[in-house]
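*Asks:* My structure is in query-v2.cif, and what it holds is mmCIF, C-alpha atoms:
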```
data_target
#
loop_
_atom_site.group_PDB
_atom_site.id
_atom_site.type_symbol
_atom_site.label_atom_id
_atom_site.label_comp_id
_atom_site.auth_asym_id
_atom_site.auth_seq_id
_atom_site.Cartn_x
_atom_site.Cartn_y
_atom_site.Cartn_z
ATOM 1 C CA MET A 158 26.946 49.232 35.104
ATOM 2 C CA GLU A 159 25.669 48.555 31.601
ATOM 3 C CA LEU A 160 25.919 45.096 30.099
ATOM 4 C CA THR A 161 25.224 44.321 26.473
ATOM 5 C CA VAL A 162 22.091 42.175 26.297
ATOM 6 C CA ASN A 163 19.635 41.164 23.594
ATOM 7 C CA LYS A 164 16.578 42.336 25.484
ATOM 8 C CA VAL A 165 15.695 44.452 28.511
ATOM 9 C CA LEU A 166 12.487 43.732 30.383
ATOM 10 C CA ASP A 167 11.136 46.456 32.651
ATOM 11 C CA ALA A 168 9.259 44.802 35.512
ATOM 12 C CA LYS A 169 9.847 47.615 37.985
ATOM 13 C CA GLY A 170 6.989 48.334 40.377
ATOM 14 C CA LEU A 171 5.386 44.958 39.782
ATOM 15 C CA ALA A 172 4.582 42.563 42.612
ATOM 16 C CA CYS A 173 4.969 38.776 42.693
ATOM 17 C CA PRO A 174 4.221 36.814 40.515
ATOM 18 C CA MET A 175 4.239 39.428 37.737
ATOM 19 C CA PRO A 176 8.026 39.656 37.227
ATOM 20 C CA ILE A 177 8.065 35.889 36.631
ATOM 21 C CA VAL A 178 4.985 35.919 34.406
ATOM 22 C CA LYS A 179 6.502 38.697 32.268
ATOM 23 C CA THR A 180 9.890 36.981 32.187
ATOM 24 C CA LYS A 181 8.273 33.818 30.901
ATOM 25 C CA LYS A 182 6.460 35.728 28.145
ATOM 26 C CA GLU A 183 9.517 37.665 27.013
ATOM 27 C CA MET A 184 11.755 34.614 27.151
ATOM 28 C CA ASN A 185 9.607 33.062 24.439
ATOM 29 C CA THR A 186 10.659 35.844 22.048
ATOM 30 C CA LEU A 187 14.382 35.203 22.543
ATOM 31 C CA GLU A 188 16.565 32.938 20.415
ATOM 32 C CA PRO A 189 18.473 30.191 22.225
ATOM 33 C CA GLY A 190 21.712 31.621 23.610
ATOM 34 C CA GLN A 191 20.428 35.201 23.828
ATOM 35 C CA VAL A 192 20.621 37.169 27.052
ATOM 36 C CA MET A 193 17.862 39.141 28.783
ATOM 37 C CA GLU A 194 18.111 41.733 31.534
ATOM 38 C CA ILE A 195 15.098 41.864 33.878
ATOM 39 C CA GLN A 196 14.713 45.029 35.925
ATOM 40 C CA ALA A 197 12.600 44.554 39.030
ATOM 41 C CA THR A 198 11.920 46.202 42.363
ATOM 42 C CA ASP A 199 10.205 43.187 43.945
ATOM 43 C CA LYS A 200 12.701 42.080 46.582
ATOM 44 C CA GLY A 201 11.607 38.474 46.276
ATOM 45 C CA SER A 202 12.430 38.415 42.588
ATOM 46 C CA THR A 203 16.069 37.372 43.019
ATOM 47 C CA ALA A 204 15.160 34.083 44.679
ATOM 48 C CA ASP A 205 12.216 33.628 42.316
ATOM 49 C CA ILE A 206 14.127 34.249 39.085
ATOM 50 C CA LYS A 207 16.868 31.887 40.211
ATOM 51 C CA ALA A 208 14.357 29.156 41.066
ATOM 52 C CA TRP A 209 12.426 29.775 37.858
ATOM 53 C CA ALA A 210 15.575 29.438 35.759
ATOM 54 C CA GLU A 211 16.452 26.223 37.513
ATOM 55 C CA SER A 212 13.096 24.563 36.997
ATOM 56 C CA THR A 213 12.699 25.717 33.383
ATOM 57 C CA GLY A 214 16.295 24.897 32.423
ATOM 58 C CA GLN A 215 17.371 28.463 31.601
ATOM 59 C CA GLN A 216 20.759 29.820 32.601
ATOM 60 C CA TYR A 217 20.758 32.285 35.518
ATOM 61 C CA LEU A 218 23.828 34.507 35.211
ATOM 62 C CA GLY A 219 23.475 36.791 38.199
ATOM 63 C CA THR A 220 21.910 39.880 39.715
ATOM 64 C CA VAL A 221 23.218 43.397 40.113
ATOM 65 C CA THR A 222 21.640 45.850 42.576
ATOM 66 C CA GLU A 223 21.413 49.481 41.549
ATOM 67 C CA GLY A 224 19.679 51.526 44.219
ATOM 68 C CA GLU A 225 16.141 50.165 44.451
ATOM 69 C CA THR A 226 16.415 48.282 41.177
ATOM 70 C CA LEU A 227 17.498 44.674 40.847
ATOM 71 C CA LYS A 228 18.876 43.716 37.463
ATOM 72 C CA HIS A 229 18.663 39.986 36.824
ATOM 73 C CA TYR A 230 20.458 38.361 33.911
ATOM 74 C CA LEU A 231 19.183 35.221 32.221
ATOM 75 C CA ARG A 232 20.403 33.398 29.146
ATOM 76 C CA LYS A 233 18.014 31.281 27.137
ATOM 77 C CA ALA A 234 18.969 27.632 27.105
ATOM 78 C CA SER A 235 20.467 26.206 23.944
ATOM 79 C CA SER A 236 20.226 22.464 23.460
ATOM 80 C CA GLU A 237 22.954 22.706 20.814
ATOM 81 C CA GLU A 238 25.494 23.681 23.484
ATOM 82 C CA GLU A 239 24.808 20.621 25.593
ATOM 83 C CA LYS A 240 26.005 18.327 22.810
ATOM 84 C CA THR A 241 29.520 17.166 23.416
ATOM 85 C CA GLU A 242 30.616 16.654 19.827
ATOM 86 C CA ILE A 243 33.472 19.004 18.964
ATOM 87 C CA LYS A 244 35.460 19.345 15.751
ATOM 88 C CA HIS A 245 38.561 21.426 16.420
ATOM 89 C CA PRO A 246 41.307 18.848 17.109
ATOM 90 C CA ASP A 247 43.551 20.897 19.388
ATOM 91 C CA VAL A 248 42.032 20.845 22.850
ATOM 92 C CA ILE A 249 43.283 21.435 26.371
ATOM 93 C CA SER A 250 41.744 20.450 29.699
ATOM 94 C CA LEU A 251 40.798 22.900 32.438
ATOM 95 C CA ASP A 252 43.457 21.382 34.720
ATOM 96 C CA ASP A 253 46.209 21.883 32.173
ATOM 97 C CA LEU A 254 45.134 25.464 31.548
ATOM 98 C CA LEU A 255 45.124 26.119 35.293
ATOM 99 C CA LYS A 256 48.667 24.689 35.570
ATOM 100 C CA GLN A 257 49.869 26.987 32.805
ATOM 101 C CA ILE A 258 48.288 30.013 34.462
ATOM 102 C CA GLU A 259 49.660 29.088 37.890
ATOM 103 C CA GLY A 260 53.070 28.456 36.349
ATOM 104 C CA ASN A 261 53.011 32.063 35.105
ATOM 105 C CA GLU A 262 53.244 30.993 31.485
ATOM 106 C CA LYS A 263 52.162 33.666 29.064
ATOM 107 C CA VAL A 264 48.743 32.447 27.949
ATOM 108 C CA THR A 265 46.100 34.335 26.047
ATOM 109 C CA VAL A 266 42.629 33.290 27.145
ATOM 110 C CA LEU A 267 39.796 34.246 24.835
ATOM 111 C CA ASP A 268 36.337 33.992 26.389
ATOM 112 C CA VAL A 269 33.674 33.805 23.643
ATOM 113 C CA ARG A 270 30.607 33.901 25.906
ATOM 114 C CA GLU A 271 28.147 36.811 26.010
ATOM 115 C CA PRO A 272 29.283 39.954 27.897
ATOM 116 C CA ALA A 273 26.816 39.300 30.754
ATOM 117 C CA GLU A 274 28.092 35.746 31.240
ATOM 118 C CA TYR A 275 31.660 37.042 31.230
ATOM 119 C CA ALA A 276 30.868 39.834 33.699
ATOM 120 C CA PHE A 277 29.562 37.441 36.354
ATOM 121 C CA GLY A 278 32.741 35.351 36.380
ATOM 122 C CA HIS A 279 35.727 34.810 34.088
ATOM 123 C CA ILE A 280 39.361 33.779 34.233
ATOM 124 C CA PRO A 281 41.428 36.826 35.311
ATOM 125 C CA GLY A 282 42.915 38.517 32.273
ATOM 126 C CA ALA A 283 40.699 36.737 29.756
ATOM 127 C CA ILE A 284 39.708 38.740 26.675
ATOM 128 C CA ASN A 285 35.970 38.786 25.918
ATOM 129 C CA ILE A 286 34.813 38.603 22.316
ATOM 130 C CA PRO A 287 31.368 36.966 22.024
ATOM 131 C CA LEU A 288 31.200 34.275 19.343
ATOM 132 C CA GLY A 289 28.767 36.407 17.330
ATOM 133 C CA GLU A 290 31.289 39.260 17.073
ATOM 134 C CA LEU A 291 34.338 37.167 16.250
ATOM 135 C CA GLU A 292 33.939 37.586 12.494
ATOM 136 C CA GLN A 293 34.282 41.373 12.819
ATOM 137 C CA ARG A 294 36.809 41.439 15.630
ATOM 138 C CA PHE A 295 39.228 38.558 15.027
ATOM 139 C CA GLU A 296 41.976 40.989 14.009
ATOM 140 C CA GLU A 297 42.254 42.098 17.634
ATOM 141 C CA LEU A 298 43.946 38.742 18.175
ATOM 142 C CA LYS A 299 46.352 38.739 15.281
ATOM 143 C CA ASN A 300 49.397 39.457 17.456
ATOM 144 C CA SER A 301 48.436 36.855 20.049
ATOM 145 C CA GLU A 302 49.946 33.427 20.072
ATOM 146 C CA ASP A 303 48.713 30.258 21.694
ATOM 147 C CA VAL A 304 45.167 31.505 22.078
ATOM 148 C CA HIS A 305 43.139 29.377 24.493
ATOM 149 C CA ILE A 306 39.458 29.707 23.762
ATOM 150 C CA ILE A 307 36.856 29.058 26.423
ATOM 151 C CA CYS A 308 33.065 29.271 26.722
ATOM 152 C CA ARG A 309 30.610 27.603 29.084
ATOM 153 C CA THR A 310 30.483 24.052 27.723
ATOM 154 C CA GLY A 311 33.127 23.865 24.975
ATOM 155 C CA LYS A 312 30.725 24.207 22.064
ATOM 156 C CA ARG A 313 30.912 27.887 21.215
ATOM 157 C CA SER A 314 34.679 27.792 21.783
ATOM 158 C CA ASP A 315 34.852 24.919 19.289
ATOM 159 C CA PHE A 316 33.161 27.081 16.634
ATOM 160 C CA ALA A 317 35.466 29.971 17.526
ATOM 161 C CA ALA A 318 38.570 27.754 17.303
ATOM 162 C CA GLN A 319 37.574 26.573 13.838
ATOM 163 C CA LYS A 320 36.872 30.118 12.710
ATOM 164 C CA LEU A 321 40.166 31.566 13.940
ATOM 165 C CA THR A 322 42.104 28.680 12.409
ATOM 166 C CA GLU A 323 40.331 29.392 9.118
ATOM 167 C CA LYS A 324 41.413 33.024 9.428
ATOM 168 C CA GLY A 325 45.012 31.829 9.582
ATOM 169 C CA LEU A 326 45.747 32.093 13.307
ATOM 170 C CA LYS A 327 48.115 29.447 14.623
ATOM 171 C CA ASN A 328 48.102 27.323 17.765
ATOM 172 C CA ILE A 329 44.471 27.833 18.587
ATOM 173 C CA ARG A 330 43.289 25.614 21.427
ATOM 174 C CA ASN A 331 39.814 24.857 22.671
ATOM 175 C CA VAL A 332 39.580 24.617 26.469
ATOM 176 C CA ILE A 333 37.162 21.857 27.427
ATOM 177 C CA PRO A 334 34.653 21.511 28.852
ATOM 178 C CA GLY A 335 34.498 25.178 29.893
ATOM 179 C CA MET A 336 33.634 27.713 32.579
ATOM 180 C CA LYS A 337 30.842 25.593 34.022
ATOM 181 C CA ASP A 338 33.487 23.311 35.566
ATOM 182 C CA TRP A 339 36.286 25.828 36.105
ATOM 183 C CA LYS A 340 37.765 25.560 39.611
ATOM 184 C CA GLY A 341 40.545 28.143 39.235
ATOM 185 C CA PRO A 342 40.560 31.852 40.058
ATOM 186 C CA ILE A 343 37.566 33.914 38.972
ATOM 187 C CA GLU A 344 37.234 37.619 38.379
ATOM 188 C CA THR A 345 33.938 39.494 38.163
ATOM 189 C CA THR A 346 33.320 42.853 36.560
ATOM 190 C CA THR A 347 29.790 43.656 37.670
ATOM 191 C CA LYS A 348 30.610 46.581 39.944
ATOM 192 C CA MET B 947 5.330 19.636 36.958
ATOM 193 C CA LYS B 948 1.597 19.322 37.585
ATOM 194 C CA VAL B 949 -0.165 21.480 40.184
ATOM 195 C CA ALA B 950 -3.699 20.832 41.492
ATOM 196 C CA ILE B 951 -5.392 23.512 43.567
ATOM 197 C CA ILE B 952 -8.692 23.520 45.450
ATOM 198 C CA ALA B 953 -10.149 27.010 45.998
ATOM 199 C CA ALA B 954 -12.864 26.739 48.637
ATOM 200 C CA ASN B 955 -12.925 30.261 50.049
ATOM 201 C CA GLY B 956 -14.151 33.497 48.519
ATOM 202 C CA GLY B 957 -12.239 36.388 50.040
ATOM 203 C CA MET B 958 -9.685 38.740 48.561
ATOM 204 C CA PHE B 959 -6.790 37.037 50.357
ATOM 205 C CA ASP B 960 -7.928 33.653 49.102
ATOM 206 C CA ALA B 961 -8.030 34.932 45.557
ATOM 207 C CA TYR B 962 -4.458 36.182 45.711
ATOM 208 C CA LYS B 963 -3.201 32.952 47.237
ATOM 209 C CA VAL B 964 -4.854 30.880 44.539
ATOM 210 C CA PHE B 965 -4.025 32.986 41.493
ATOM 211 C CA ASN B 966 -0.481 33.956 42.523
ATOM 212 C CA ILE B 967 0.500 30.324 42.896
ATOM 213 C CA ALA B 968 -1.415 29.319 39.776
ATOM 214 C CA THR B 969 0.112 31.951 37.477
ATOM 215 C CA ALA B 970 3.602 31.464 38.921
ATOM 216 C CA ALA B 971 3.289 27.724 38.318
ATOM 217 C CA ALA B 972 1.994 28.211 34.782
ATOM 218 C CA ALA B 973 4.900 30.573 34.073
ATOM 219 C CA THR B 974 7.230 27.803 35.226
ATOM 220 C CA ASP B 975 5.806 25.480 32.571
ATOM 221 C CA ALA B 976 3.582 23.589 35.007
ATOM 222 C CA GLU B 977 0.225 22.154 34.065
ATOM 223 C CA VAL B 978 -2.201 23.807 36.476
ATOM 224 C CA GLY B 979 -5.792 22.949 37.408
ATOM 225 C CA ILE B 980 -7.983 24.748 39.937
ATOM 226 C CA PHE B 981 -11.221 23.333 41.330
ATOM 227 C CA PHE B 982 -13.532 26.108 42.572
ATOM 228 C CA THR B 983 -16.003 24.904 45.148
ATOM 229 C CA PHE B 984 -18.368 26.512 47.684
ATOM 230 C CA GLU B 985 -17.344 30.116 48.349
ATOM 231 C CA GLY B 986 -14.361 29.604 46.069
ATOM 232 C CA LEU B 987 -16.759 30.050 43.161
ATOM 233 C CA ASN B 988 -16.738 33.793 43.935
ATOM 234 C CA LEU B 989 -13.208 33.961 42.565
ATOM 235 C CA ILE B 990 -14.406 33.266 39.032
ATOM 236 C CA HIS B 991 -17.906 34.751 39.235
ATOM 237 C CA LYS B 992 -18.134 37.559 36.653
ATOM 238 C CA GLU B 993 -19.447 40.124 39.131
ATOM 239 C CA ALA B 994 -18.301 38.836 42.512
ATOM 240 C CA HIS B 995 -14.611 38.521 41.611
ATOM 241 C CA LYS B 996 -14.389 42.236 40.859
ATOM 242 C CA ASN B 997 -15.207 43.105 44.436
ATOM 243 C CA LEU B 998 -14.075 40.403 46.821
ATOM 244 C CA PRO B 999 -14.317 41.103 50.552
ATOM 245 C CA MET B 1000 -11.259 41.596 52.738
ATOM 246 C CA PRO B 1001 -11.316 39.518 55.917
ATOM 247 C CA ALA B 1002 -12.970 41.428 58.779
ATOM 248 C CA GLY B 1003 -10.543 43.710 60.542
ATOM 249 C CA THR B 1004 -8.000 43.755 57.696
ATOM 250 C CA GLU B 1005 -9.538 46.504 55.596
ATOM 251 C CA HIS B 1006 -6.529 48.686 56.309
ATOM 252 C CA PHE B 1007 -4.407 46.313 54.190
ATOM 253 C CA GLN B 1008 -6.211 47.699 51.153
ATOM 254 C CA GLU B 1009 -3.634 50.477 51.185
ATOM 255 C CA GLY B 1010 -0.798 47.949 51.231
ATOM 256 C CA PHE B 1011 -2.198 46.090 48.247
ATOM 257 C CA LYS B 1012 -2.274 49.327 46.320
ATOM 258 C CA LYS B 1013 1.246 50.267 47.350
ATOM 259 C CA ALA B 1014 2.614 46.853 46.352
ATOM 260 C CA ASN B 1015 0.945 47.366 42.971
ATOM 261 C CA PHE B 1016 -0.870 44.038 43.099
ATOM 262 C CA PRO B 1017 -2.768 43.371 39.891
ATOM 263 C CA PRO B 1018 -6.568 43.292 40.286
ATOM 264 C CA ILE B 1019 -8.062 39.788 40.590
ATOM 265 C CA GLU B 1020 -9.771 40.190 37.206
ATOM 266 C CA GLU B 1021 -6.390 40.629 35.593
ATOM 267 C CA LEU B 1022 -4.934 37.601 37.364
ATOM 268 C CA VAL B 1023 -7.885 35.477 36.277
ATOM 269 C CA SER B 1024 -7.567 36.410 32.628
ATOM 270 C CA MET B 1025 -3.815 35.939 32.805
ATOM 271 C CA ALA B 1026 -4.257 32.491 34.301
ATOM 272 C CA SER B 1027 -6.720 31.612 31.578
ATOM 273 C CA GLU B 1028 -4.374 32.924 28.875
ATOM 274 C CA MET B 1029 -1.563 30.788 30.255
ATOM 275 C CA GLY B 1030 -3.661 27.668 29.994
ATOM 276 C CA VAL B 1031 -4.641 27.200 33.639
ATOM 277 C CA LYS B 1032 -7.551 24.780 33.716
ATOM 278 C CA MET B 1033 -10.398 26.135 35.839
ATOM 279 C CA ILE B 1034 -13.180 23.834 36.957
ATOM 280 C CA ALA B 1035 -16.332 25.094 38.671
ATOM 281 C CA CYS B 1036 -18.019 22.634 41.025
ATOM 282 C CA GLN B 1037 -21.349 21.496 39.651
ATOM 283 C CA LEU B 1038 -22.788 20.617 43.060
ATOM 284 C CA THR B 1039 -22.115 24.080 44.496
ATOM 285 C CA MET B 1040 -23.570 25.722 41.405
ATOM 286 C CA ASP B 1041 -26.761 23.680 41.861
ATOM 287 C CA VAL B 1042 -26.996 24.529 45.540
ATOM 288 C CA MET B 1043 -26.491 28.229 44.849
ATOM 289 C CA SER B 1044 -28.586 28.239 41.643
ATOM 290 C CA LEU B 1045 -25.746 29.510 39.494
ATOM 291 C CA GLU B 1046 -25.426 29.055 35.731
ATOM 292 C CA LYS B 1047 -22.212 28.620 33.752
ATOM 293 C CA GLU B 1048 -22.868 31.934 31.970
ATOM 294 C CA GLU B 1049 -22.404 33.784 35.243
ATOM 295 C CA PHE B 1050 -18.737 32.803 35.338
ATOM 296 C CA VAL B 1051 -15.722 34.120 33.459
ATOM 297 C CA GLU B 1052 -15.004 32.775 29.978
ATOM 298 C CA GLY B 1053 -13.135 29.561 29.460
ATOM 299 C CA ILE B 1054 -14.057 27.622 32.577
ATOM 300 C CA ASP B 1055 -15.194 24.007 32.716
ATOM 301 C CA VAL B 1056 -17.904 22.653 34.942
ATOM 302 C CA GLY B 1057 -17.386 19.324 36.642
ATOM 303 C CA GLY B 1058 -17.749 17.244 39.732
ATOM 304 C CA ALA B 1059 -15.394 15.829 42.298
ATOM 305 C CA VAL B 1060 -14.207 13.051 40.023
ATOM 306 C CA THR B 1061 -13.266 15.547 37.285
ATOM 307 C CA PHE B 1062 -10.893 17.185 39.718
ATOM 308 C CA LEU B 1063 -9.643 13.929 41.194
ATOM 309 C CA THR B 1064 -8.832 12.607 37.744
ATOM 310 C CA PHE B 1065 -6.743 15.702 37.112
ATOM 311 C CA ALA B 1066 -5.143 15.665 40.579
ATOM 312 C CA LYS B 1067 -4.335 11.976 40.862
ATOM 313 C CA ASP B 1068 -0.844 12.328 39.385
ATOM 314 C CA ALA B 1069 -0.155 15.929 40.466
ATOM 315 C CA ASP B 1070 3.245 16.787 41.937
ATOM 316 C CA VAL B 1071 1.821 19.545 44.103
ATOM 317 C CA THR B 1072 -1.682 19.670 45.601
ATOM 318 C CA LEU B 1073 -2.847 22.746 47.484
ATOM 319 C CA THR B 1074 -6.046 23.731 49.252
ATOM 320 C CA PHE B 1075 -7.009 27.315 49.903
#
```
As structure tokens, how would this structure be written, given the file I've shared?

*Replies:*
Amino acid sequence: MELTVNKVLDAKGLACPMPIVKTKKEMNTLEPGQVMEIQATDKGSTADIKAWAESTGQQYLGTVTEGETLKHYLRKASSEEEKTEIKHPDVISLDDLLKQIEGNEKVTVLDVREPAEYAFGHIPGAINIPLGELEQRFEELKNSEDVHIICRTGKRSDFAAQKLTEKGLKNIRNVIPGMKDWKGPIETTTK
Amino acid sequence: MKVAIIAANGGMFDAYKVFNIATAAAATDAEVGIFFTFEGLNLIHKEAHKNLPMPAGTEHFQEGFKKANFPPIEELVSMASEMGVKMIACQLTMDVMSLEKEEFVEGIDVGGAVTFLTFAKDADVTLTF
């Protein structure tokens, strides 16, 4: 499986603690919100990367095993996303979205997180257009109505909601807070 | 996080224990200090740390180290230094063994027990190897 990422770090063949040391170095070159794939063969690296992300405040997305190689996905923390201030007025709660989905209403869910975040868990049927690509790809949505936009915390989806409204789309709703608190069904596409 | 380590032994295994934990901690944004005392001084001695002894009877692990692609101790030391790990050589031991600061790798400090204690007094993790 190939996932679109901003950077790939090859740490194959390296023993502990080198995958972590290299990850730390490379992480410094990333912009907040960017995603890195770390390829390692050290079997302890899964637990280590997870623990490292937790203690340094980065976002651990998941790990995919391909033969001997472990591919770990990390997203650099973005303090901007943790702010709760949102501007788009039309919002919907996770519970209400879940009710609509369970009630078989026809809802379009647009997930504006990065492809790697999406791959490790999204609402079944959600469309993935990362916020950064929305400007070029918004026309894919022009026949959709009642678009519900979701991200991890509600911040990127807020930007996306404003942008799509600007582009003339109607009934755009921001789902808040976002996938970090989603308790409904989840689909993964990492296989 | 603040990590204080005492390195008091001078074998190959000791070196890996000390520098693996130290570099991993530094990579996790911890402030790390190591106090090298007695045989632990070998780990930062310019010549000695290039050829540290394996514990008796474990020479056959040499192969395993190679297979696991462990970085040489020299590399771990310079990495630790690059990442801001504070390394303190014990003055008393240096006097006893007639060693000069110039015989150690670049970037180390020399100090006594209180230097280390002052660093370690508010550490979150304290380890002795």

*Asks:* May I ask you to extract the residues of chain A within 10 Å of chain B, using all atoms listed in the file, and to give them as an MDAnalysis selection string?

*Replies:* chainID A and resid 170:182 199 205 208:214

*Asks:* With only C-alpha atoms counted, which protein, DNA or RNA residues have an atom no more than 10 Å from (-17.1, 34.3, 38.5) in the file frame? Please answer as an MDAnalysis selection string.

*Replies:* chainID B and resid 982 986:996 1020 1023 1035 1045 1047:1052 1054

*Asks:* Output the residue selection produced by the PyMOL selection byres ((chain A and resi 310-324) around 7) on the file above, formatted as an MDAnalysis selection string.

*Replies:* chainID A and resid 238:239 243:245 269 288 306:309 325:327 329:337

*Asks:* Which one is closest to A:Ala197: A:Gly224, A:His229, A:Leu251, A:Glu302? Count only C-alpha atoms.

*Replies:*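 Distance minimum relative to A:Ala197 lands on A:His229.
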
*Asks:* Suppose you want the space between atom CA of B:Phe981 and atom CA of B:Glu1021; what is it in Å?

*Replies:*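 These atoms are spaced 18.9 Å apart.
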
*Asks:* Please identify all polymer residues lying at most 10 Å from the point (50.9, 35.0, 26.1) (file coordinates), using all atoms listed in the file, and present the result as a PyMOL selection string.

*Replies:* chain A and resi 261-266+300-305

*Asks:* Here is a test: counting only C-alpha atoms, which residue of A:Thr241, A:Pro272, A:Thr198, A:Arg294 is nearest to A:Thr161?

*Replies:* A:Pro272
